[in-house]
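What follows is entry33.pdb (PDB, C-alpha atoms and all ligand atoms).
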```pdb
ATOM      1  CA  MET A   1     -27.419-118.659 -43.455  1.00  0.00           C
ATOM      2  CA  SER A   2     -27.567-120.154 -46.954  1.00  0.00           C
ATOM      3  CA  GLN A   3     -25.816-118.196 -49.626  1.00  0.00           C
ATOM      4  CA  TYR A   4     -28.041-119.434 -52.447  1.00  0.00           C
ATOM      5  CA  LYS A   5     -31.794-119.824 -51.982  1.00  0.00           C
ATOM      6  CA  VAL A   6     -33.302-121.528 -55.006  1.00  0.00           C
ATOM      7  CA  LEU A   7     -36.960-122.299 -55.753  1.00  0.00           C
ATOM      8  CA  PHE A   8     -38.173-124.392 -58.705  1.00  0.00           C
ATOM      9  CA  VAL A   9     -41.748-123.747 -59.871  1.00  0.00           C
ATOM     10  CA  CYS A  10     -44.193-125.608 -62.153  1.00  0.00           C
ATOM     11  CA  LEU A  11     -47.991-125.884 -62.262  1.00  0.00           C
ATOM     12  CA  GLY A  12     -48.865-128.807 -59.979  1.00  0.00           C
ATOM     13  CA  ASN A  13     -45.576-129.235 -58.098  1.00  0.00           C
ATOM     14  CA  ILE A  14     -45.867-133.000 -58.552  1.00  0.00           C
ATOM     15  CA  CYS A  15     -43.843-133.617 -61.757  1.00  0.00           C
ATOM     16  CA  ARG A  16     -41.313-131.122 -63.125  1.00  0.00           C
ATOM     17  CA  SER A  17     -40.376-128.886 -60.193  1.00  0.00           C
ATOM     18  CA  PRO A  18     -39.950-131.662 -57.573  1.00  0.00           C
ATOM     19  CA  MET A  19     -37.759-133.480 -60.112  1.00  0.00           C
ATOM     20  CA  ALA A  20     -35.707-130.303 -60.660  1.00  0.00           C
ATOM     21  CA  GLU A  21     -35.420-129.906 -56.882  1.00  0.00           C
ATOM     22  CA  GLY A  22     -34.294-133.541 -56.467  1.00  0.00           C
ATOM     23  CA  ILE A  23     -31.692-133.284 -59.233  1.00  0.00           C
ATOM     24  CA  PHE A  24     -30.367-129.970 -57.966  1.00  0.00           C
ATOM     25  CA  VAL A  25     -30.077-131.262 -54.372  1.00  0.00           C
ATOM     26  CA  GLU A  26     -28.045-134.228 -55.650  1.00  0.00           C
ATOM     27  CA  LEU A  27     -25.774-131.993 -57.741  1.00  0.00           C
ATOM     28  CA  VAL A  28     -25.144-129.730 -54.751  1.00  0.00           C
ATOM     29  CA  LYS A  29     -24.474-132.769 -52.505  1.00  0.00           C
ATOM     30  CA  SER A  30     -22.054-134.234 -55.024  1.00  0.00           C
ATOM     31  CA  ARG A  31     -19.962-131.069 -54.623  1.00  0.00           C
ATOM     32  CA  ASN A  32     -20.317-131.055 -50.817  1.00  0.00           C
ATOM     33  CA  LEU A  33     -21.969-127.643 -50.945  1.00  0.00           C
ATOM     34  CA  GLU A  34     -25.186-128.363 -48.993  1.00  0.00           C
ATOM     35  CA  HIS A  35     -24.281-125.745 -46.366  1.00  0.00           C
ATOM     36  CA  MET A  36     -24.451-123.015 -49.023  1.00  0.00           C
ATOM     37  CA  PHE A  37     -27.896-123.839 -50.375  1.00  0.00           C
ATOM     38  CA  PHE A  38     -31.564-123.699 -49.410  1.00  0.00           C
ATOM     39  CA  ILE A  39     -33.579-125.512 -52.086  1.00  0.00           C
ATOM     40  CA  ASP A  40     -37.320-126.055 -52.501  1.00  0.00           C
ATOM     41  CA  SER A  41     -40.080-126.309 -55.124  1.00  0.00           C
ATOM     42  CA  ALA A  42     -43.666-125.077 -55.456  1.00  0.00           C
ATOM     43  CA  GLY A  43     -46.609-125.010 -57.860  1.00  0.00           C
ATOM     44  CA  THR A  44     -48.629-122.101 -59.188  1.00  0.00           C
ATOM     45  CA  SER A  45     -51.851-124.076 -58.629  1.00  0.00           C
ATOM     46  CA  GLY A  46     -52.748-125.579 -55.280  1.00  0.00           C
ATOM     47  CA  HIS A  47     -54.574-128.586 -56.735  1.00  0.00           C
ATOM     48  CA  HIS A  48     -52.155-131.199 -55.463  1.00  0.00           C
ATOM     49  CA  THR A  49     -51.192-129.618 -52.138  1.00  0.00           C
ATOM     50  CA  GLY A  50     -49.789-132.153 -49.689  1.00  0.00           C
ATOM     51  CA  GLU A  51     -49.260-134.870 -52.317  1.00  0.00           C
ATOM     52  CA  LEU A  52     -45.983-136.610 -53.026  1.00  0.00           C
ATOM     53  CA  ALA A  53     -44.669-136.322 -56.585  1.00  0.00           C
ATOM     54  CA  ASP A  54     -46.538-138.266 -59.260  1.00  0.00           C
ATOM     55  CA  PRO A  55     -45.613-142.007 -59.021  1.00  0.00           C
ATOM     56  CA  ARG A  56     -44.318-141.948 -62.631  1.00  0.00           C
ATOM     57  CA  MET A  57     -41.950-139.073 -61.792  1.00  0.00           C
ATOM     58  CA  ARG A  58     -40.826-140.813 -58.590  1.00  0.00           C
ATOM     59  CA  LYS A  59     -40.144-144.019 -60.521  1.00  0.00           C
ATOM     60  CA  THR A  60     -38.050-142.126 -63.075  1.00  0.00           C
ATOM     61  CA  ALA A  61     -36.173-140.354 -60.282  1.00  0.00           C
ATOM     62  CA  GLU A  62     -35.464-143.663 -58.515  1.00  0.00           C
ATOM     63  CA  LYS A  63     -34.034-145.080 -61.735  1.00  0.00           C
ATOM     64  CA  HIS A  64     -31.459-142.307 -61.477  1.00  0.00           C
ATOM     65  CA  GLY A  65     -30.792-142.815 -57.762  1.00  0.00           C
ATOM     66  CA  ILE A  66     -32.933-139.904 -56.570  1.00  0.00           C
ATOM     67  CA  LYS A  67     -35.660-140.240 -53.940  1.00  0.00           C
ATOM     68  CA  LEU A  68     -38.367-137.579 -54.216  1.00  0.00           C
ATOM     69  CA  SER A  69     -39.937-136.920 -50.813  1.00  0.00           C
ATOM     70  CA  HIS A  70     -41.197-133.365 -51.424  1.00  0.00           C
ATOM     71  CA  LYS A  71     -44.894-132.724 -50.794  1.00  0.00           C
ATOM     72  CA  SER A  72     -46.671-130.359 -53.166  1.00  0.00           C
ATOM     73  CA  ARG A  73     -47.290-126.811 -52.020  1.00  0.00           C
ATOM     74  CA  LYS A  74     -48.586-123.673 -53.670  1.00  0.00           C
ATOM     75  CA  LEU A  75     -46.305-120.750 -54.524  1.00  0.00           C
ATOM     76  CA  LYS A  76     -46.894-117.917 -52.062  1.00  0.00           C
ATOM     77  CA  PHE A  77     -46.033-114.241 -51.851  1.00  0.00           C
ATOM     78  CA  SER A  78     -43.485-114.730 -49.078  1.00  0.00           C
ATOM     79  CA  ASP A  79     -41.445-116.922 -51.466  1.00  0.00           C
ATOM     80  CA  PHE A  80     -40.214-113.679 -53.013  1.00  0.00           C
ATOM     81  CA  TYR A  81     -38.623-112.814 -49.662  1.00  0.00           C
ATOM     82  CA  ASP A  82     -37.453-116.320 -48.826  1.00  0.00           C
ATOM     83  CA  PHE A  83     -35.787-117.139 -52.166  1.00  0.00           C
ATOM     84  CA  ASP A  84     -33.269-115.309 -54.350  1.00  0.00           C
ATOM     85  CA  TYR A  85     -33.541-117.425 -57.488  1.00  0.00           C
ATOM     86  CA  ILE A  86     -36.890-118.629 -58.849  1.00  0.00           C
ATOM     87  CA  LEU A  87     -36.881-120.904 -61.897  1.00  0.00           C
ATOM     88  CA  ALA A  88     -40.085-121.450 -63.879  1.00  0.00           C
ATOM     89  CA  MET A  89     -40.620-124.584 -65.956  1.00  0.00           C
ATOM     90  CA  ASP A  90     -42.636-122.935 -68.739  1.00  0.00           C
ATOM     91  CA  ASP A  91     -44.012-119.622 -70.040  1.00  0.00           C
ATOM     92  CA  SER A  92     -47.301-120.042 -68.235  1.00  0.00           C
ATOM     93  CA  ASN A  93     -45.593-120.623 -64.857  1.00  0.00           C
ATOM     94  CA  LEU A  94     -43.351-117.635 -65.561  1.00  0.00           C
ATOM     95  CA  ALA A  95     -46.331-115.362 -66.268  1.00  0.00           C
ATOM     96  CA  ASP A  96     -48.072-116.512 -63.073  1.00  0.00           C
ATOM     97  CA  ILE A  97     -44.936-115.934 -60.984  1.00  0.00           C
ATOM     98  CA  ILE A  98     -44.456-112.448 -62.430  1.00  0.00           C
ATOM     99  CA  GLU A  99     -48.100-111.602 -61.830  1.00  0.00           C
ATOM    100  CA  LEU A 100     -47.848-112.620 -58.154  1.00  0.00           C
ATOM    101  CA  HIS A 101     -44.540-110.798 -57.775  1.00  0.00           C
ATOM    102  CA  ASN A 102     -45.834-107.621 -59.375  1.00  0.00           C
ATOM    103  CA  GLY A 103     -45.592-104.651 -57.107  1.00  0.00           C
ATOM    104  CA  SER A 104     -43.734-106.491 -54.365  1.00  0.00           C
ATOM    105  CA  GLY A 105     -40.604-104.496 -55.179  1.00  0.00           C
ATOM    106  CA  GLU A 106     -38.647-107.474 -53.918  1.00  0.00           C
ATOM    107  CA  GLN A 107     -35.356-108.018 -55.751  1.00  0.00           C
ATOM    108  CA  VAL A 108     -35.456-111.601 -56.926  1.00  0.00           C
ATOM    109  CA  PHE A 109     -33.975-113.392 -59.938  1.00  0.00           C
ATOM    110  CA  ILE A 110     -36.833-114.933 -61.947  1.00  0.00           C
ATOM    111  CA  CYS A 111     -36.184-116.874 -65.138  1.00  0.00           C
ATOM    112  CA  LYS A 112     -37.018-120.038 -67.054  1.00  0.00           C
ATOM    113  CA  MET A 113     -35.316-123.311 -66.227  1.00  0.00           C
ATOM    114  CA  ARG A 114     -34.307-123.865 -69.838  1.00  0.00           C
ATOM    115  CA  ASP A 115     -32.585-120.519 -70.080  1.00  0.00           C
ATOM    116  CA  PHE A 116     -29.798-122.814 -68.827  1.00  0.00           C
ATOM    117  CA  ASP A 117     -30.325-125.605 -71.385  1.00  0.00           C
ATOM    118  CA  ASN A 118     -27.688-125.321 -74.080  1.00  0.00           C
ATOM    119  CA  LEU A 119     -29.592-127.758 -76.310  1.00  0.00           C
ATOM    120  CA  ASN A 120     -32.742-125.643 -76.555  1.00  0.00           C
ATOM    121  CA  LYS A 121     -32.239-122.396 -74.713  1.00  0.00           C
ATOM    122  CA  GLY A 122     -35.364-120.740 -73.385  1.00  0.00           C
ATOM    123  CA  ALA A 123     -37.767-123.548 -74.363  1.00  0.00           C
ATOM    124  CA  ASN A 124     -40.462-124.846 -72.030  1.00  0.00           C
ATOM    125  CA  VAL A 125     -39.886-127.954 -69.937  1.00  0.00           C
ATOM    126  CA  PRO A 126     -42.745-130.050 -71.410  1.00  0.00           C
ATOM    127  CA  ASP A 127     -45.505-131.025 -69.002  1.00  0.00           C
ATOM    128  CA  PRO A 128     -45.424-134.841 -68.839  1.00  0.00           C
ATOM    129  CA  TYR A 129     -48.606-135.242 -66.736  1.00  0.00           C
ATOM    130  CA  TYR A 130     -51.029-136.186 -69.528  1.00  0.00           C
ATOM    131  CA  GLY A 131     -48.430-137.859 -71.723  1.00  0.00           C
ATOM    132  CA  TYR A 132     -46.642-141.177 -71.964  1.00  0.00           C
ATOM    133  CA  GLU A 133     -44.121-142.792 -69.635  1.00  0.00           C
ATOM    134  CA  ASP A 134     -41.131-141.812 -71.796  1.00  0.00           C
ATOM    135  CA  GLY A 135     -42.067-138.142 -71.324  1.00  0.00           C
ATOM    136  CA  PHE A 136     -40.851-138.429 -67.732  1.00  0.00           C
ATOM    137  CA  GLU A 137     -37.432-139.654 -68.804  1.00  0.00           C
ATOM    138  CA  GLU A 138     -37.217-136.809 -71.327  1.00  0.00           C
ATOM    139  CA  VAL A 139     -38.084-134.313 -68.564  1.00  0.00           C
ATOM    140  CA  TYR A 140     -35.384-135.847 -66.355  1.00  0.00           C
ATOM    141  CA  LYS A 141     -32.766-135.391 -69.104  1.00  0.00           C
ATOM    142  CA  ILE A 142     -33.782-131.780 -69.768  1.00  0.00           C
ATOM    143  CA  LEU A 143     -33.695-130.955 -66.062  1.00  0.00           C
ATOM    144  CA  LYS A 144     -30.355-132.683 -65.509  1.00  0.00           C
ATOM    145  CA  ARG A 145     -28.741-130.587 -68.261  1.00  0.00           C
ATOM    146  CA  SER A 146     -30.405-127.347 -67.154  1.00  0.00           C
ATOM    147  CA  CYS A 147     -29.750-127.795 -63.423  1.00  0.00           C
ATOM    148  CA  SER A 148     -26.077-128.638 -64.056  1.00  0.00           C
ATOM    149  CA  GLN A 149     -25.593-125.537 -66.175  1.00  0.00           C
ATOM    150  CA  PHE A 150     -27.482-123.329 -63.695  1.00  0.00           C
ATOM    151  CA  LEU A 151     -25.320-124.584 -60.810  1.00  0.00           C
ATOM    152  CA  ASP A 152     -22.117-124.047 -62.800  1.00  0.00           C
ATOM    153  CA  GLU A 153     -23.084-120.489 -63.711  1.00  0.00           C
ATOM    154  CA  LEU A 154     -24.152-119.722 -60.159  1.00  0.00           C
ATOM    155  CA  LEU A 155     -20.868-120.943 -58.696  1.00  0.00           C
ATOM    156  CA  GLU A 156     -18.838-119.190 -61.388  1.00  0.00           C
ATOM    157  CA  GLY A 157     -20.519-115.922 -60.361  1.00  0.00           C
ATOM    158  CA  LYS A 158     -22.133-115.490 -63.780  1.00  0.00           C
ATOM    159  CA  ILE A 159     -25.573-114.903 -62.264  1.00  0.00           C
ATOM    160  CA  ARG A 160     -25.762-111.777 -60.190  1.00  0.00           C
ATOM    161  CA  ASN A 161     -27.249-112.163 -56.717  1.00  0.00           C
ATOM    162  CA  PRO A 162     -30.362-109.953 -56.989  1.00  0.00           C
ATOM    163  CA  ARG A 163     -30.149-108.887 -53.327  1.00  0.00           C
ATOM    164  CA  LEU A 164     -26.653-107.468 -53.552  1.00  0.00           C
TER
HETATM  165  P1  LIG B   1     -46.326-130.353 -63.075  1.00  0.00           P
HETATM  166  O1  LIG B   1     -47.357-131.286 -63.898  1.00  0.00           O
HETATM  167  O2  LIG B   1     -46.800-128.919 -63.276  1.00  0.00           O
HETATM  168  O3  LIG B   1     -45.034-130.620 -63.737  1.00  0.00           O
HETATM  169  O4  LIG B   1     -46.404-130.800 -61.634  1.00  0.00           O
HETATM  170  C1  LIG B   1     -48.742-131.256 -63.741  1.00  0.00           C
HETATM  171  C2  LIG B   1     -49.322-131.908 -62.685  1.00  0.00           C
HETATM  172  C3  LIG B   1     -50.699-131.914 -62.547  1.00  0.00           C
HETATM  173  C4  LIG B   1     -51.483-131.253 -63.473  1.00  0.00           C
HETATM  174  C5  LIG B   1     -50.892-130.584 -64.518  1.00  0.00           C
HETATM  175  C6  LIG B   1     -49.517-130.572 -64.650  1.00  0.00           C
HETATM  176  N1  LIG B   1     -52.904-131.270 -63.341  1.00  0.00           N
HETATM  177  O5  LIG B   1     -53.572-130.727 -64.233  1.00  0.00           O
HETATM  178  O6  LIG B   1     -53.433-131.828 -62.377  1.00  0.00           O
END
```
Starting from the file, lay out its structure as structure tokens.
Amino acid sequence: MSQYKVLFVCLGNICRSPMAEGIFVELVKSRNLEHMFFIDSAGTSGHHTGELADPRMRKTAEKHGIKLSHKSRKLKFSDFYDFDYILAMDDSNLADIIELHNGSGEQVFICKMRDFDNLNKGANVPDPYYGYEDGFEEVYKILKRSCSQFLDELLEGKIRNPRL
């Protein structure tokens, strides 16, 4: 059974959260810790369900040696049972997650991805969907920093397991 169950959440689950998932999987692999983790991503809207990540995000990921094969899915109530750590990309995602979680009573750690970004703590991960190509590279850099810091803090025991 995985010790750390981590879910990344954005709006469409085709740009930011699949990229966060891909980066985090690679970071975990680079430390040979796959056996300790269960990692996934989801979107608060179901508009892109079943789709691969946006081609621009996949191209950016490939540039950094990461293949994104995740297919978009909508966040669901049972995610609060299946995951211990849920990371939202922006304030709007966070509000939607909290609204769905409300009343579940399930102990789960919910926060923003950039709570772990030392360059701009607590900021939103900008949505690159309607922007320019370089927005995807910027999102990659933000997520690389934030995912690295989150993994470090998790492994150092700085983030309490909400189930314990
Ligand atoms: P994501 O980006 O939330 O990072 O996956 C978006 C993808 C699609 C849309 C908006 C944001 N959309 O409006 O279709």
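Going from atom CA of A:Gly43 over to atom CA of A:Tyr85, you cover 15.1 Å.
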### Query
Written as a ChimeraX atom specification, what is the full residue list that the PyMOL selection byres (((chain A and resi 84) around 10) and not hetatm) yields on the file shown?
/A:3-7,38,79-83,85-86,106-110,161-163
### Task
Take the PyMOL selection byres (((chain A and resi 61) around 12) and not hetatm), apply it to the structure above, and return the hits as a ChimeraX atom specification.
/A:15-16,18-23,26,53-60,62-69,136-141,143-144
### Message
To test your reading of the syntax: which residues would the PyMOL selection byres (((not hetatm)) within 9 of (chain B and resi 1)) return for the file shown? Reply as a list in words.
### Response
Val9, Cys10, Leu11, Gly12, Asn13, Ile14, Cys15, Arg16, Ser17, Pro18, Met19, Ala42, Gly43, Thr44, Ser45, His47, His48, Ala53, Asp54, Ser72, Met89, Asn93, Val125, Pro126, Asp127, Pro128, Tyr129 and Tyr130 of chain A
### Message
Show me, as a ChimeraX atom specification, the residues that have an atom within 10 Å of A:Ser148 when counting all atoms listed in the file, minus same-chain residues fewer than 3 positions from it.
### Response
/A:23-24,27-28,116-117,143-145,151-154
Keeping only C-alpha atoms, write those residues as a PDB file, in the frame of the given file.
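The file below, again_25.pdb, is the result:
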```
ATOM      1  CA  ILE A  23     -31.692-133.284 -59.233  1.00  0.00           C
ATOM      2  CA  PHE A  24     -30.367-129.970 -57.966  1.00  0.00           C
ATOM      3  CA  LEU A  27     -25.774-131.993 -57.741  1.00  0.00           C
ATOM      4  CA  VAL A  28     -25.144-129.730 -54.751  1.00  0.00           C
ATOM      5  CA  PHE A 116     -29.798-122.814 -68.827  1.00  0.00           C
ATOM      6  CA  ASP A 117     -30.325-125.605 -71.385  1.00  0.00           C
ATOM      7  CA  LEU A 143     -33.695-130.955 -66.062  1.00  0.00           C
ATOM      8  CA  LYS A 144     -30.355-132.683 -65.509  1.00  0.00           C
ATOM      9  CA  ARG A 145     -28.741-130.587 -68.261  1.00  0.00           C
ATOM     10  CA  LEU A 151     -25.320-124.584 -60.810  1.00  0.00           C
ATOM     11  CA  ASP A 152     -22.117-124.047 -62.800  1.00  0.00           C
ATOM     12  CA  GLU A 153     -23.084-120.489 -63.711  1.00  0.00           C
ATOM     13  CA  LEU A 154     -24.152-119.722 -60.159  1.00  0.00           C
TER      14      LEU A 154
END
```
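Atom CA of A:Gln149 is positioned 27.0 Å from atom CA of A:Ser78.
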Please check which residues have atoms at most 9 Å from (-41.9, -121.4, -66.4) in the file's coordinates, counting all atoms listed in the file, and write them as an mmCIF file with C-alpha atoms, in the coordinates of the input.
```cif
data_model
loop_
_atom_site.group_PDB
_atom_site.id
_atom_site.type_symbol
_atom_site.label_atom_id
_atom_site.label_comp_id
_atom_site.auth_asym_id
_atom_site.auth_seq_id
_atom_site.Cartn_x
_atom_site.Cartn_y
_atom_site.Cartn_z
ATOM 1 C CA VAL A 9 -41.748 -123.747 -59.871
ATOM 2 C CA CYS A 10 -44.193 -125.608 -62.153
ATOM 3 C CA LEU A 11 -47.991 -125.884 -62.262
ATOM 4 C CA LEU A 87 -36.881 -120.904 -61.897
ATOM 5 C CA ALA A 88 -40.085 -121.450 -63.879
ATOM 6 C CA MET A 89 -40.620 -124.584 -65.956
ATOM 7 C CA ASP A 90 -42.636 -122.935 -68.739
ATOM 8 C CA ASP A 91 -44.012 -119.622 -70.040
ATOM 9 C CA SER A 92 -47.301 -120.042 -68.235
ATOM 10 C CA ASN A 93 -45.593 -120.623 -64.857
ATOM 11 C CA LEU A 94 -43.351 -117.635 -65.561
ATOM 12 C CA ALA A 95 -46.331 -115.362 -66.268
ATOM 13 C CA ASP A 96 -48.072 -116.512 -63.073
ATOM 14 C CA ILE A 97 -44.936 -115.934 -60.984
ATOM 15 C CA CYS A 111 -36.184 -116.874 -65.138
ATOM 16 C CA LYS A 112 -37.018 -120.038 -67.054
ATOM 17 C CA MET A 113 -35.316 -123.311 -66.227
ATOM 18 C CA ARG A 114 -34.307 -123.865 -69.838
ATOM 19 C CA ASN A 124 -40.462 -124.846 -72.030
ATOM 20 C CA VAL A 125 -39.886 -127.954 -69.937
#
```
### Counting only C-alpha atoms, the option among A:Leu52, A:Gly103, A:Gly131, A:Ser41 closest to A:Leu75
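Selected residue with least distance to A:Leu75: A:Ser41.
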